[in-house]
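Data first, discussion second: the structure below is written as structure tokens.
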Amino acid sequence: SHFDGGTPPQTLVRWDEYLAAYPAGHYVPEARYNRALTLVRLGDYSRARVALERFARGDYGAGRRSQARELLELIATDSADGDDPSSEDEVR
């Protein structure tokens, strides 16, 4: 779904299914990173931020650290501009 043109909501479901089925699988770090990217695409910056912070800290090694930090900066800017629909949901 992520690589074959699925919609972001479909893709998020698939990543969640994979992570539930293989919580200690070999591809968990990559699945978690791709799940975070999907959350960014959905505009769910609060959940994306939580997921990306683990990569930015190096919890999964250094491989995605700089990319995660860049994405965190981008979504922080978007959130400051009021582009985070998930923050509106939290207020309701």
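If you're wondering about the labels, chains in the structure tokens are A, B, ... by order shown, residues count from 1 in each chain, ligands from 1 in order shown.
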Would you pick out the contacts of Pro8 of chain A at 10 Å or less, using only C-alpha atoms, so that residues sharing its chain but fewer than 2 positions from it are not included, and give the list as a ChimeraX atom specification?
/A:1-2,5-6,10-14,35,37-42
Would you compute the distance between atom CA of Glu17 of chain A and atom CA of Ala51 of chain A? Give it in Å to one decimal.
16.3 Å
Go through chain A and collect every residue that DSSP, computed from the backbone, puts in alpha helix (DSSP H); the answer should be as an MDAnalysis selection string.
chainID A and resid 8:21 28:42 45:57 65:80 85:91
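Distance-wise, atom CA of Pro29 of chain A and atom CA of Ala76 of chain A end up 22.7 Å apart.
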Can you work out which one of A:Asp44, A:Arg54, A:Ala21, A:Ala31 has the shortest atom-to-atom distance to Pro9 of chain A, counting only C-alpha atoms?
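Closest to Pro9 of chain A, using only C-alpha atoms: A:Asp44.
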